[in-house]
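*Asks:* Structure below; questions to follow.
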Amino acid sequence: TILSTVMSSLACVLAAGNAIGPQEAVFTVLTIGLSIDYAVHLSHFYIHADGTRYERVEESVTKVGVSVIGGAITTACAGIPLFADILAFFFKFGFFILFTSLWAIFYSFSLLLPLLLVLGPEGEQGSINRFLPKPFRLRESVVDRHSVSATVEIKDAPEPGPVNVQREPTNGTHATEGTNGTGAHAHAEP
């Protein structure tokens, strides 16, 4: 998806009549960073989902799809004001931001997700553990995220008591309204 996004963004630059120069080279590097975002979020949720490939794709789209689309829209809209700038640098930068966002969201949903449906890893397939020597392998509790659970229980915690607050009167004398239950005086600013 990233290569497709970069190539499509560069094709848009060429189609708009611009040559590939130093500015476009810098923007191409930025395009890689902008284009990876949506694919990474969808892939991350796919990996952490359970079930068949279809169920995992469905879960990733359900849990993060709206957020990814919202991120793409706001990023694309962020490039639009740059079209009003008279400097060619900012105009081209806005062009790259807009088209990179549009192509990245398009390829994330129309290329990445279908590839995950057909070729996506299932179960422990693609796990790095099988390539690591035994001393460096991840523990089963880390690999199997569903087997890890924690319970926090606080026993014999003291009940909080009433707190009386001392206030300094405005006339400069010290007045005491009470203590905080431990014998120490509590002070508060007026």
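Order determines the names: the first chain of the structure tokens is A, the second B, and so forth; residues in each chain are numbered 1 upward, and ligands are numbered 1 upward as they are shown.
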List every residue of segment 18-111 of chain A that DSSP, applied to the backbone, labels as alpha helix (DSSP H), and write the result as a ChimeraX atom specification.
*Replies:* /A:22-47,53-79,88-107
*Asks:* With only C-alpha atoms as the counted atoms, please give the residues lying no more than 9 Å from Gly79 of chain A, apart from itself and same-chain residues fewer than 3 positions off, as number ranges by chain.
*Replies:* A: 74-76, 82-83, 91, 93-99
*Asks:* Under the rule that only C-alpha atoms are counted, which of A:Ala25, A:Ala19, A:Ile2, A:Val66 is the nearest residue to Asp37 of chain A?
*Replies:* A:Ile2
*Asks:* Mind giving me the straight-line distance from atom CA of Pro22 of chain A to atom CA of Pro81 of chain A in Å, one decimal?
*Replies:*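 Interatomic distance here is 22.5 Å.
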*Asks:* One number please: atom CA of Ala39 of chain A to atom CA of Phe90 of chain A, in Å, one decimal.
*Replies:*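 Between atom CA of Ala39 of chain A and atom CA of Phe90 of chain A the gap works out to 26.2 Å.
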*Asks:* In terms of the shortest atom-to-atom distance over only C-alpha atoms, which of A:Phe131, A:Tyr54, A:Trp103, A:Phe136 is closest to Thr5 of chain A?
*Replies:*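 Result for the nearest residue to Thr5 of chain A: A:Trp103.
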